[in-house]
Structures are given as structure tokens and as C-alpha cells.
Amino acid sequence: MGTDTVRAQAGDDAAERRREQHGWYFYDWACSVYSTSVLTVFLGPYLTSVARAAADPDGFVHPLGIPVRAGSFFAYCVSASVVLAIVVMPMAGAAADRTGRRKPLLAAAAYTGAAATTGLFFLDGHRYLLGGALLIVANASVAVSMVLYNSYLPQIAPPEERDAVSSRGWAFGYAAGSLVLVANLVLFTGHDSFGVSEATAVRICLASAGLWWGVFTLVPLRRLRDRRAPAAAAPRARGWRQLAATVRDLRERPLTLAFLVAYLIYNDGIQTVISQASVYGSQELGLGQSTLITAVLMVQVLAVAGALGMGRLARTYGAKRTILGSLVAWTATLAAGFFLPAGAPVWFFVLAAGIGLVLGGSQALSRSLFSHLVPPGKEAEYFSAYEMSDRGMSWLGPLLFGMTYQLTGSYRDAIVSLVVFFVLGFGLLARVPVERAIRDAGNPVPDRI
């Protein structure tokens, strides 16, 4: 084969890889609006109001005959969705690695979630059970789809490109979340001028996220391609047996397991800050709903710049050092949050800016770094464990937050208590020799990691 032929083939391979990467980015663009507009902003308050409208005089609803406070119904549904996701994720991951057919599984998870989200348009009156069921299905579906989506990363990006590719994916997601949230806020705040009620505006916002998710999922489904797993590498077990096999395999790769534990801890802190920041802002700082929604939008916009900026830093300093730096920034942000004055939105916006700048990058680089620690042929299997460590253990931070508030009566003490997750995660990650971990997984070590 001549030199020109080799160069042409390399150019064709690079062009095909870029095409797949661009398609891969669009799944973040498609599904992130669910997390932003539905789960973070609109669904919690609206589903709670529907549940309260259906409650008995004592404030209880009775799903399956079980008395539940209307104000707790949303939280319980989110917890139930986590349980469902934990059951389904290992089965989806094992099937993807065994067959090599990720796209049909990704399509099934994505369109199940998109349909459930679109169905939230019919959440009105006393239909709290409908809303709870659709929330459980949608939230579990997005978790399963992310296992399959993340498992493509080692296949579409060589080691030296993964930090940048992962960061761009997160940036696409935050950009889409920002764009749709702006449109939703225009409709929500100006619903009278559009001739709809506030409740109808919320239902349109919820359904539009599902439609957005479904339409833009077509892009990755057209551009990504399936690769048959090598017979020796493809897992033979199914579902929970495969999960048990993955855990045994992780124990034989203690450095990969050590990174996963560190990630579990500091990401629990990240997820708790995201979920509890609005509680802190409203209950401790006395800020209004419009201020909190604006802060969420600011986080989304700055997370785009943060993800791309930290991706560039990783090229110079390596992903591990950049993640460690982000954990220091998280610690400083929480410490500053402890001293925020009440009734001063500008300082809360400063805090939101700090969160936004480190949020996307710390998550994107963690994903790309983990991809180097995955044995070839076991991508979906290992990313199932990765996603389960995220979803399945995300109750520890809220538990610490709630217990601290219960003992001290101060949300300031509760928010600063989360520093322990970032300090401990920093210490554990710093001890992981990532170059040796990559070699132990059977992967080439990038020049900068």
C-alpha cells in the first residue's frame, strides 16, 4: 500500500471519527433539557402543587393505599426512579457489550424517556399518580441512556482526544439547557400575553423538553455506528449476574476501583450542591423564585465556558490535576457560600457563577479520565458501574445536608458540611496513580493525563 493511499485512508478515518463525535455531542444536546427544565426547574414545584390539590384534609395523598405527605411525593418519586434505574442499567450495559448493538438500546431508552416527558403535558387537576409514574419512567430512562451514551466515548475518540471530546459533549448539553430554559422562561413569565394560564405554560415547558429530546436524538442515531465486541471480551452473563462479574473484575483492577470510589464521593458532593442550592437560596437567604431561576440559567451558561476551559487546561496540566484543581475550587465556593448575606441576590449570583465555572469541567473530565481505565470490550459494562455509583449513592450528600440542618437548625452549617465530600474525594483521587491504572486496564497511556 502506497504512502498516498495510507494518508488517504487515515484522512477518511479521521473524517468518520469527527462525524461520529459530532453526532455523539448531540445526545447531550438532546437529553440535557430534561435535567435542566424538567427536573431542576419546573416539575418539582408543579407536581407538588398537583399532589397537594389531590391531598386529603390532613395533607396526605395515598398512592397504592400508602399515606404520603403531598410535599414529599416528588422526592419519593425521584428515589423510586433511582431504584428502577439501578435494576435496568446493568442489564442494558451487559446487552450492549454482549451484542455490540448500542444504538437500538440507546434509541429505546431515549424514546421511552422522551415519550414519558412529553406525556407530562397531561399532568393537571388531581393527576398526581400520572405525574409520578411519568417522572419515574423518564428519570430512569435518562440514566439508562447515559450508560449507553457514555460507553461510546472510548470507541469514537482516541486517548489523546477524550478530554476535549467529553468536555465538548458537556458543553453542548449545557448550551441546549440554557437555550430551552430561556424560551421556557419567556413563556412562563409572559403566559398572559400568550393567552395561556401559568399551569398550562408549565405543562407546555415540560412537554417541549420531551419533544426536544426525541427530535435531536435522531442525530446521534444517524451518525453513531455499532461495533461488534470481540468474542473473548464480550460478556456472557446477563443483568445482575453481569453486575456481580463487573464488581469482581473491578476488584482485580484496584486502581480503577480506587478512582471510582473517589469519583463516587466528590460527585455526591457536586450533585447535592446542585439539588440543595435552591433550598439554601430560598430558605436561608430569602431569595425569590425568579432570582433562583435566573441563577440556574447563569449556571447553565457558564458551565459551557467552564467545560471547554477546563478541557483546555487538561491539555496542558492533565485531566487528573485539572480535576483536583476543580475540587479545590468547589471547596472554596462552599466556604464562600457560608458567609453569603441574606437578601442580597448579587452575591448569590457570584456563588452561582463559581459553581457554573467548575461544574461542567469537573464532570466532563471525570468521564474522560474513567474511559482510560476501562478494559477494551467492556465499555458499557464499566460505564454502567460508573453511572450506578453516581445515581445509586447520591443519597449520602442529601442525608448529611438534612442531618446537619436537623441538628443545628442552620442551612449555612448544612451547606458547608458538604466540604467533606470534596476534601475526601481530593485525597482519594490524589493517591490514584492514573498512568499505572491505565496500563493495568490494557490501554495506551496518553502523553498528558
# chains A, B, ... in the order shown; residues from 1 in each chain; ligands from 1

call {"tool": "residues_around", "arguments": {"residues": "range 81-88 of chain A", "least_positions_apart": "5", "cutoff": "6 Å", "atoms": "only C-alpha atoms", "output": "PyMOL selection string"}}
result
chain A and resi 136+139-140

call {"tool": "residues_around", "arguments": {"residues": "Leu43 in chain A", "least_positions_apart": "6", "cutoff": "9 Å", "atoms": "only C-alpha atoms", "output": "list in words"}}
result
Ser37, Phe74, Leu120, Gly131, Leu135, Val202, Arg203 and Leu206 of chain A

call {"tool": "residues_around", "arguments": {"residues": "Leu365 in chain A", "least_positions_apart": "5", "cutoff": "7 Å", "atoms": "only C-alpha atoms", "output": "list in words"}}
result
Asp163, Ser166, Ser167, Ala319 and Ile323 of chain A

call {"tool": "write_last_selection", "arguments": {"atoms": "C-alpha atoms", "output": "mmCIF file, in the first residue's frame"}}
result
data_model
loop_
_atom_site.group_PDB
_atom_site.id
_atom_site.type_symbol
_atom_site.label_atom_id
_atom_site.label_comp_id
_atom_site.auth_asym_id
_atom_site.auth_seq_id
_atom_site.Cartn_x
_atom_site.Cartn_y
_atom_site.Cartn_z
ATOM 1 C CA ASP A 163 -10.749 15.067 27.409
ATOM 2 C CA SER A 166 -16.012 14.702 26.633
ATOM 3 C CA SER A 167 -15.827 18.401 27.500
ATOM 4 C CA ALA A 319 -7.070 15.617 33.476
ATOM 5 C CA ILE A 323 -9.982 17.730 38.372
#

call {"tool": "residues_around", "arguments": {"residues": "Pro104 in chain A", "least_positions_apart": "5", "cutoff": "10 Å", "atoms": "only C-alpha atoms", "output": "number ranges by chain"}}
result
A: 96, 109-110, 221, 226

call {"tool": "closest_residue", "arguments": {"among": "A:Val374, A:Leu313, A:Leu264, A:Ala75", "to": "Gly397 in chain A", "atoms": "only C-alpha atoms"}}
result
A:Leu264

call {"tool": "atom_distance", "arguments": {"atom1": "CA of Asp97 in chain A", "atom2": "CA of Pro159 in chain A"}}
result
20.0 Å

call {"tool": "atom_distance", "arguments": {"atom1": "CA of Pro63 in chain A", "atom2": "CA of Arg127 in chain A"}}
result
11.2 Å

call {"tool": "closest_residue", "arguments": {"among": "A:Ala380, A:Leu324, A:Ala307, A:Leu148", "to": "Ala262 in chain A", "atoms": "only C-alpha atoms"}}
result
A:Leu324

call {"tool": "residues_around", "arguments": {"residues": "Glu381 in chain A", "least_positions_apart": "6", "cutoff": "7 Å", "atoms": "only C-alpha atoms", "output": "JSON, numbers by chain"}}
result
{"A": [90, 93, 94, 97, 246]}

call {"tool": "residues_around", "arguments": {"residues": "Arg162 in chain A", "least_positions_apart": "6", "cutoff": "12 Å", "atoms": "only C-alpha atoms", "output": "PDB file with C-alpha atoms, in the first residue's frame"}}
result
ATOM      1  CA  GLN A  21     -18.083  12.682  17.574  1.00  0.00           C
ATOM      2  CA  ASN A 150     -21.003   7.297  27.744  1.00  0.00           C
ATOM      3  CA  TYR A 152     -19.346   5.223  23.075  1.00  0.00           C
ATOM      4  CA  LEU A 153     -16.583   7.598  24.230  1.00  0.00           C
ATOM      5  CA  PRO A 154     -13.673   5.094  24.148  1.00  0.00           C
ATOM      6  CA  GLN A 155     -14.812   3.943  20.699  1.00  0.00           C
ATOM      7  CA  ILE A 156     -15.111   7.320  18.973  1.00  0.00           C
ATOM      8  CA  ARG A 168     -17.490  19.396  24.239  1.00  0.00           C
ATOM      9  CA  GLY A 169     -20.297  16.934  24.931  1.00  0.00           C
ATOM     10  CA  GLY A 311     -10.832  20.818  28.729  1.00  0.00           C
ATOM     11  CA  ARG A 312      -8.111  23.184  27.518  1.00  0.00           C
ATOM     12  CA  ALA A 314      -6.376  19.375  30.809  1.00  0.00           C
ATOM     13  CA  ARG A 315      -4.314  19.514  27.610  1.00  0.00           C
ATOM     14  CA  GLY A 318      -3.549  16.700  32.536  1.00  0.00           C
ATOM     15  CA  ALA A 319      -7.070  15.617  33.476  1.00  0.00           C
ATOM     16  CA  ALA A 364     -16.621  16.022  31.819  1.00  0.00           C
ATOM     17  CA  LEU A 365     -13.008  15.330  32.765  1.00  0.00           C
ATOM     18  CA  SER A 366     -14.041  12.675  35.281  1.00  0.00           C
ATOM     19  CA  ARG A 367     -15.886  10.870  32.480  1.00  0.00           C
ATOM     20  CA  SER A 368     -12.968  11.067  30.065  1.00  0.00           C
ATOM     21  CA  LEU A 369     -10.425  10.021  32.719  1.00  0.00           C
ATOM     22  CA  PHE A 370     -12.546   6.997  33.650  1.00  0.00           C
ATOM     23  CA  SER A 371     -12.748   5.997  29.975  1.00  0.00           C
ATOM     24  CA  HIS A 372      -8.967   5.384  30.037  1.00  0.00           C
ATOM     25  CA  PRO A 446      -1.697   9.430  26.669  1.00  0.00           C
ATOM     26  CA  ARG A 448      -0.692  14.088  29.103  1.00  0.00           C
ATOM     27  CA  ILE A 449      -3.027  12.579  31.709  1.00  0.00           C
TER      28      ILE A 449
END

call {"tool": "residues_around", "arguments": {"residues": "Glu198 in chain A", "least_positions_apart": "3", "cutoff": "12 Å", "atoms": "only C-alpha atoms", "output": "MDAnalysis selection string"}}
result
chainID A and resid 42 46 124 184:195 201:205

call {"tool": "atom_distance", "arguments": {"atom1": "CA of Met298 in chain A", "atom2": "CA of Val78 in chain A"}}
result
24.7 Å

call {"tool": "select_by_dssp", "arguments": {"residues": "range 29-95 of chain A", "states": "strand (DSSP E or B)", "output": "list in words"}}
result
Phe60, Val61, Val68 and Arg69 of chain A

call {"tool": "closest_residue", "arguments": {"among": "A:Trp213, A:Tyr386, A:Gly71, A:Val38", "to": "Ala115 in chain A", "atoms": "only C-alpha atoms"}}
result
A:Trp213

call {"tool": "closest_residue", "arguments": {"among": "A:Phe338, A:Phe121, A:Tyr317, A:Tyr263", "to": "Phe422 in chain A", "atoms": "only C-alpha atoms"}}
result
A:Tyr263

call {"tool": "select_by_dssp", "arguments": {"residues": "range 360-403 of chain A", "states": "alpha helix (DSSP H)", "output": "PDB file with N, CA, C and O atoms, in the first residue's frame"}}
result
ATOM      1  N   GLY A 360     -19.353  21.865  34.868  1.00  0.00           N
ATOM      2  CA  GLY A 360     -19.249  21.066  33.656  1.00  0.00           C
ATOM      3  C   GLY A 360     -17.893  20.415  33.486  1.00  0.00           C
ATOM      4  O   GLY A 360     -17.787  19.249  33.114  1.00  0.00           O
ATOM      5  N   GLY A 361     -16.833  21.166  33.788  1.00  0.00           N
ATOM      6  CA  GLY A 361     -15.488  20.639  33.593  1.00  0.00           C
ATOM      7  C   GLY A 361     -15.157  19.477  34.505  1.00  0.00           C
ATOM      8  O   GLY A 361     -14.561  18.481  34.077  1.00  0.00           O
ATOM      9  N   SER A 362     -15.537  19.585  35.770  1.00  0.00           N
ATOM     10  CA  SER A 362     -15.206  18.511  36.706  1.00  0.00           C
ATOM     11  C   SER A 362     -15.922  17.222  36.326  1.00  0.00           C
ATOM     12  O   SER A 362     -15.356  16.121  36.440  1.00  0.00           O
ATOM     13  N   GLN A 363     -17.146  17.308  35.834  1.00  0.00           N
ATOM     14  CA  GLN A 363     -17.874  16.115  35.422  1.00  0.00           C
ATOM     15  C   GLN A 363     -17.363  15.575  34.086  1.00  0.00           C
ATOM     16  O   GLN A 363     -17.219  14.357  33.912  1.00  0.00           O
ATOM     17  N   ALA A 364     -17.086  16.467  33.133  1.00  0.00           N
ATOM     18  CA  ALA A 364     -16.621  16.022  31.819  1.00  0.00           C
ATOM     19  C   ALA A 364     -15.270  15.332  31.914  1.00  0.00           C
ATOM     20  O   ALA A 364     -15.048  14.278  31.307  1.00  0.00           O
ATOM     21  N   LEU A 365     -14.347  15.915  32.663  1.00  0.00           N
ATOM     22  CA  LEU A 365     -13.008  15.330  32.765  1.00  0.00           C
ATOM     23  C   LEU A 365     -13.021  14.043  33.575  1.00  0.00           C
ATOM     24  O   LEU A 365     -12.223  13.140  33.321  1.00  0.00           O
ATOM     25  N   SER A 366     -13.918  13.941  34.546  1.00  0.00           N
ATOM     26  CA  SER A 366     -14.041  12.675  35.281  1.00  0.00           C
ATOM     27  C   SER A 366     -14.478  11.562  34.336  1.00  0.00           C
ATOM     28  O   SER A 366     -13.964  10.442  34.401  1.00  0.00           O
ATOM     29  N   ARG A 367     -15.422  11.867  33.453  1.00  0.00           N
ATOM     30  CA  ARG A 367     -15.886  10.870  32.480  1.00  0.00           C
ATOM     31  C   ARG A 367     -14.763  10.453  31.546  1.00  0.00           C
ATOM     32  O   ARG A 367     -14.553   9.256  31.300  1.00  0.00           O
ATOM     33  N   SER A 368     -14.019  11.419  31.013  1.00  0.00           N
ATOM     34  CA  SER A 368     -12.968  11.067  30.065  1.00  0.00           C
ATOM     35  C   SER A 368     -11.826  10.327  30.757  1.00  0.00           C
ATOM     36  O   SER A 368     -11.255   9.380  30.194  1.00  0.00           O
ATOM     37  N   LEU A 369     -11.488  10.719  31.997  1.00  0.00           N
ATOM     38  CA  LEU A 369     -10.425  10.021  32.719  1.00  0.00           C
ATOM     39  C   LEU A 369     -10.837   8.571  32.997  1.00  0.00           C
ATOM     40  O   LEU A 369     -10.033   7.642  32.842  1.00  0.00           O
ATOM     41  N   PHE A 370     -12.086   8.362  33.391  1.00  0.00           N
ATOM     42  CA  PHE A 370     -12.546   6.997  33.650  1.00  0.00           C
ATOM     43  C   PHE A 370     -12.495   6.155  32.381  1.00  0.00           C
ATOM     44  O   PHE A 370     -12.209   4.948  32.441  1.00  0.00           O
ATOM     45  N   SER A 371     -12.744   6.761  31.222  1.00  0.00           N
ATOM     46  CA  SER A 371     -12.748   5.997  29.975  1.00  0.00           C
ATOM     47  C   SER A 371     -11.390   5.356  29.704  1.00  0.00           C
ATOM     48  O   SER A 371     -11.314   4.320  29.034  1.00  0.00           O
ATOM     49  N   HIS A 372     -10.300   5.971  30.196  1.00  0.00           N
ATOM     50  CA  HIS A 372      -8.967   5.384  30.037  1.00  0.00           C
ATOM     51  C   HIS A 372      -8.765   4.162  30.931  1.00  0.00           C
ATOM     52  O   HIS A 372      -7.858   3.358  30.682  1.00  0.00           O
ATOM     53  N   GLU A 379     -16.846  -1.498  27.731  1.00  0.00           N
ATOM     54  CA  GLU A 379     -17.178  -0.090  27.933  1.00  0.00           C
ATOM     55  C   GLU A 379     -18.536   0.101  28.599  1.00  0.00           C
ATOM     56  O   GLU A 379     -18.657   0.819  29.600  1.00  0.00           O
ATOM     57  N   ALA A 380     -19.586  -0.506  28.024  1.00  0.00           N
ATOM     58  CA  ALA A 380     -20.926  -0.304  28.595  1.00  0.00           C
ATOM     59  C   ALA A 380     -21.030  -0.921  29.986  1.00  0.00           C
ATOM     60  O   ALA A 380     -21.681  -0.376  30.879  1.00  0.00           O
ATOM     61  N   GLU A 381     -20.375  -2.073  30.164  1.00  0.00           N
ATOM     62  CA  GLU A 381     -20.383  -2.741  31.470  1.00  0.00           C
ATOM     63  C   GLU A 381     -19.783  -1.838  32.550  1.00  0.00           C
ATOM     64  O   GLU A 381     -20.363  -1.654  33.624  1.00  0.00           O
ATOM     65  N   TYR A 382     -18.619  -1.255  32.272  1.00  0.00           N
ATOM     66  CA  TYR A 382     -17.955  -0.412  33.263  1.00  0.00           C
ATOM     67  C   TYR A 382     -18.666   0.921  33.445  1.00  0.00           C
ATOM     68  O   TYR A 382     -18.741   1.443  34.552  1.00  0.00           O
ATOM     69  N   PHE A 383     -19.184   1.481  32.345  1.00  0.00           N
ATOM     70  CA  PHE A 383     -19.907   2.740  32.492  1.00  0.00           C
ATOM     71  C   PHE A 383     -21.244   2.534  33.189  1.00  0.00           C
ATOM     72  O   PHE A 383     -21.794   3.472  33.768  1.00  0.00           O
ATOM     73  N   SER A 384     -21.775   1.322  33.151  1.00  0.00           N
ATOM     74  CA  SER A 384     -22.948   1.022  33.961  1.00  0.00           C
ATOM     75  C   SER A 384     -22.596   1.143  35.440  1.00  0.00           C
ATOM     76  O   SER A 384     -23.340   1.735  36.227  1.00  0.00           O
ATOM     77  N   ALA A 385     -21.440   0.583  35.835  1.00  0.00           N
ATOM     78  CA  ALA A 385     -20.990   0.726  37.224  1.00  0.00           C
ATOM     79  C   ALA A 385     -20.718   2.187  37.561  1.00  0.00           C
ATOM     80  O   ALA A 385     -21.018   2.663  38.663  1.00  0.00           O
ATOM     81  N   TYR A 386     -20.168   2.928  36.598  1.00  0.00           N
ATOM     82  CA  TYR A 386     -19.883   4.353  36.782  1.00  0.00           C
ATOM     83  C   TYR A 386     -21.170   5.131  37.032  1.00  0.00           C
ATOM     84  O   TYR A 386     -21.270   5.936  37.967  1.00  0.00           O
ATOM     85  N   GLU A 387     -22.174   4.881  36.195  1.00  0.00           N
ATOM     86  CA  GLU A 387     -23.440   5.595  36.340  1.00  0.00           C
ATOM     87  C   GLU A 387     -24.169   5.175  37.608  1.00  0.00           C
ATOM     88  O   GLU A 387     -24.798   5.984  38.280  1.00  0.00           O
ATOM     89  N   MET A 388     -24.067   3.876  37.966  1.00  0.00           N
ATOM     90  CA  MET A 388     -24.711   3.415  39.180  1.00  0.00           C
ATOM     91  C   MET A 388     -24.061   4.008  40.424  1.00  0.00           C
ATOM     92  O   MET A 388     -24.722   4.298  41.409  1.00  0.00           O
ATOM     93  N   SER A 389     -22.740   4.192  40.372  1.00  0.00           N
ATOM     94  CA  SER A 389     -22.074   4.831  41.513  1.00  0.00           C
ATOM     95  C   SER A 389     -22.538   6.265  41.671  1.00  0.00           C
ATOM     96  O   SER A 389     -22.609   6.794  42.785  1.00  0.00           O
ATOM     97  N   ASP A 390     -22.894   6.880  40.548  1.00  0.00           N
ATOM     98  CA  ASP A 390     -23.434   8.241  40.571  1.00  0.00           C
ATOM     99  C   ASP A 390     -24.862   8.232  41.105  1.00  0.00           C
ATOM    100  O   ASP A 390     -25.177   8.851  42.123  1.00  0.00           O
ATOM    101  N   ARG A 391     -25.741   7.479  40.428  1.00  0.00           N
ATOM    102  CA  ARG A 391     -27.163   7.502  40.774  1.00  0.00           C
ATOM    103  C   ARG A 391     -27.442   6.768  42.079  1.00  0.00           C
ATOM    104  O   ARG A 391     -28.251   7.199  42.890  1.00  0.00           O
ATOM    105  N   GLY A 392     -26.786   5.621  42.261  1.00  0.00           N
ATOM    106  CA  GLY A 392     -27.132   4.763  43.377  1.00  0.00           C
ATOM    107  C   GLY A 392     -26.656   5.254  44.727  1.00  0.00           C
ATOM    108  O   GLY A 392     -27.192   4.849  45.763  1.00  0.00           O
ATOM    109  N   LEU A 396     -26.188  10.053  49.920  1.00  0.00           N
ATOM    110  CA  LEU A 396     -25.332  10.344  51.075  1.00  0.00           C
ATOM    111  C   LEU A 396     -25.226  11.841  51.333  1.00  0.00           C
ATOM    112  O   LEU A 396     -25.323  12.291  52.477  1.00  0.00           O
ATOM    113  N   GLY A 397     -25.019  12.626  50.270  1.00  0.00           N
ATOM    114  CA  GLY A 397     -24.907  14.068  50.440  1.00  0.00           C
ATOM    115  C   GLY A 397     -26.172  14.700  50.985  1.00  0.00           C
ATOM    116  O   GLY A 397     -26.132  15.445  51.972  1.00  0.00           O
ATOM    117  N   PRO A 398     -27.341  14.421  50.354  1.00  0.00           N
ATOM    118  CA  PRO A 398     -28.580  14.963  50.926  1.00  0.00           C
ATOM    119  C   PRO A 398     -28.817  14.522  52.368  1.00  0.00           C
ATOM    120  O   PRO A 398     -29.357  15.284  53.172  1.00  0.00           O
ATOM    121  N   LEU A 399     -28.415  13.280  52.699  1.00  0.00           N
ATOM    122  CA  LEU A 399     -28.590  12.808  54.077  1.00  0.00           C
ATOM    123  C   LEU A 399     -27.755  13.649  55.033  1.00  0.00           C
ATOM    124  O   LEU A 399     -28.244  14.088  56.083  1.00  0.00           O
ATOM    125  N   LEU A 400     -26.492  13.898  54.688  1.00  0.00           N
ATOM    126  CA  LEU A 400     -25.633  14.721  55.542  1.00  0.00           C
ATOM    127  C   LEU A 400     -26.181  16.139  55.636  1.00  0.00           C
ATOM    128  O   LEU A 400     -26.218  16.733  56.724  1.00  0.00           O
ATOM    129  N   PHE A 401     -26.621  16.686  54.504  1.00  0.00           N
ATOM    130  CA  PHE A 401     -27.194  18.034  54.480  1.00  0.00           C
ATOM    131  C   PHE A 401     -28.402  18.110  55.413  1.00  0.00           C
ATOM    132  O   PHE A 401     -28.520  19.016  56.244  1.00  0.00           O
ATOM    133  N   GLY A 402     -29.310  17.117  55.288  1.00  0.00           N
ATOM    134  CA  GLY A 402     -30.517  17.130  56.118  1.00  0.00           C
ATOM    135  C   GLY A 402     -30.226  16.921  57.589  1.00  0.00           C
ATOM    136  O   GLY A 402     -30.812  17.588  58.451  1.00  0.00           O
ATOM    137  N   MET A 403     -29.306  16.001  57.891  1.00  0.00           N
ATOM    138  CA  MET A 403     -28.978  15.749  59.295  1.00  0.00           C
ATOM    139  C   MET A 403     -28.307  16.958  59.934  1.00  0.00           C
ATOM    140  O   MET A 403     -28.568  17.281  61.102  1.00  0.00           O
TER     141      MET A 403
END

call {"tool": "decode", "arguments": {"residues": "range 251-264 of chain A", "atoms": "N, CA and C atoms", "output": "PDB file, in the first residue's frame"}}
result
ATOM      1  N   ARG A 251     -12.492  -5.539  41.344  1.00  0.00           N
ATOM      2  CA  ARG A 251     -11.626  -5.897  42.466  1.00  0.00           C
ATOM      3  C   ARG A 251     -10.263  -6.376  41.976  1.00  0.00           C
ATOM      4  N   GLU A 252     -10.214  -6.905  40.759  1.00  0.00           N
ATOM      5  CA  GLU A 252      -8.942  -7.302  40.175  1.00  0.00           C
ATOM      6  C   GLU A 252      -8.199  -6.124  39.563  1.00  0.00           C
ATOM      7  N   ARG A 253      -8.881  -4.990  39.464  1.00  0.00           N
ATOM      8  CA  ARG A 253      -8.268  -3.745  38.991  1.00  0.00           C
ATOM      9  C   ARG A 253      -8.441  -2.688  40.077  1.00  0.00           C
ATOM     10  N   PRO A 254      -7.706  -2.812  41.161  1.00  0.00           N
ATOM     11  CA  PRO A 254      -7.941  -1.955  42.330  1.00  0.00           C
ATOM     12  C   PRO A 254      -7.732  -0.472  42.051  1.00  0.00           C
ATOM     13  N   LEU A 255      -6.915  -0.136  41.048  1.00  0.00           N
ATOM     14  CA  LEU A 255      -6.692   1.287  40.780  1.00  0.00           C
ATOM     15  C   LEU A 255      -7.902   1.905  40.086  1.00  0.00           C
ATOM     16  N   THR A 256      -8.530   1.149  39.174  1.00  0.00           N
ATOM     17  CA  THR A 256      -9.782   1.622  38.575  1.00  0.00           C
ATOM     18  C   THR A 256     -10.851   1.761  39.647  1.00  0.00           C
ATOM     19  N   LEU A 257     -10.916   0.778  40.550  1.00  0.00           N
ATOM     20  CA  LEU A 257     -11.885   0.834  41.642  1.00  0.00           C
ATOM     21  C   LEU A 257     -11.605   2.026  42.553  1.00  0.00           C
ATOM     22  N   ALA A 258     -10.327   2.319  42.807  1.00  0.00           N
ATOM     23  CA  ALA A 258      -9.977   3.457  43.665  1.00  0.00           C
ATOM     24  C   ALA A 258     -10.451   4.765  43.044  1.00  0.00           C
ATOM     25  N   PHE A 259     -10.287   4.907  41.717  1.00  0.00           N
ATOM     26  CA  PHE A 259     -10.797   6.119  41.067  1.00  0.00           C
ATOM     27  C   PHE A 259     -12.306   6.192  41.179  1.00  0.00           C
ATOM     28  N   LEU A 260     -12.981   5.051  40.986  1.00  0.00           N
ATOM     29  CA  LEU A 260     -14.436   5.039  41.033  1.00  0.00           C
ATOM     30  C   LEU A 260     -14.947   5.452  42.416  1.00  0.00           C
ATOM     31  N   VAL A 261     -14.266   5.020  43.464  1.00  0.00           N
ATOM     32  CA  VAL A 261     -14.664   5.399  44.824  1.00  0.00           C
ATOM     33  C   VAL A 261     -14.460   6.896  45.035  1.00  0.00           C
ATOM     34  N   ALA A 262     -13.312   7.421  44.579  1.00  0.00           N
ATOM     35  CA  ALA A 262     -13.066   8.859  44.711  1.00  0.00           C
ATOM     36  C   ALA A 262     -14.128   9.657  43.971  1.00  0.00           C
ATOM     37  N   TYR A 263     -14.458   9.220  42.747  1.00  0.00           N
ATOM     38  CA  TYR A 263     -15.485   9.899  41.967  1.00  0.00           C
ATOM     39  C   TYR A 263     -16.833   9.844  42.672  1.00  0.00           C
ATOM     40  N   LEU A 264     -17.175   8.668  43.204  1.00  0.00           N
ATOM     41  CA  LEU A 264     -18.443   8.499  43.907  1.00  0.00           C
ATOM     42  C   LEU A 264     -18.579   9.547  45.004  1.00  0.00           C
TER      43      LEU A 264
END
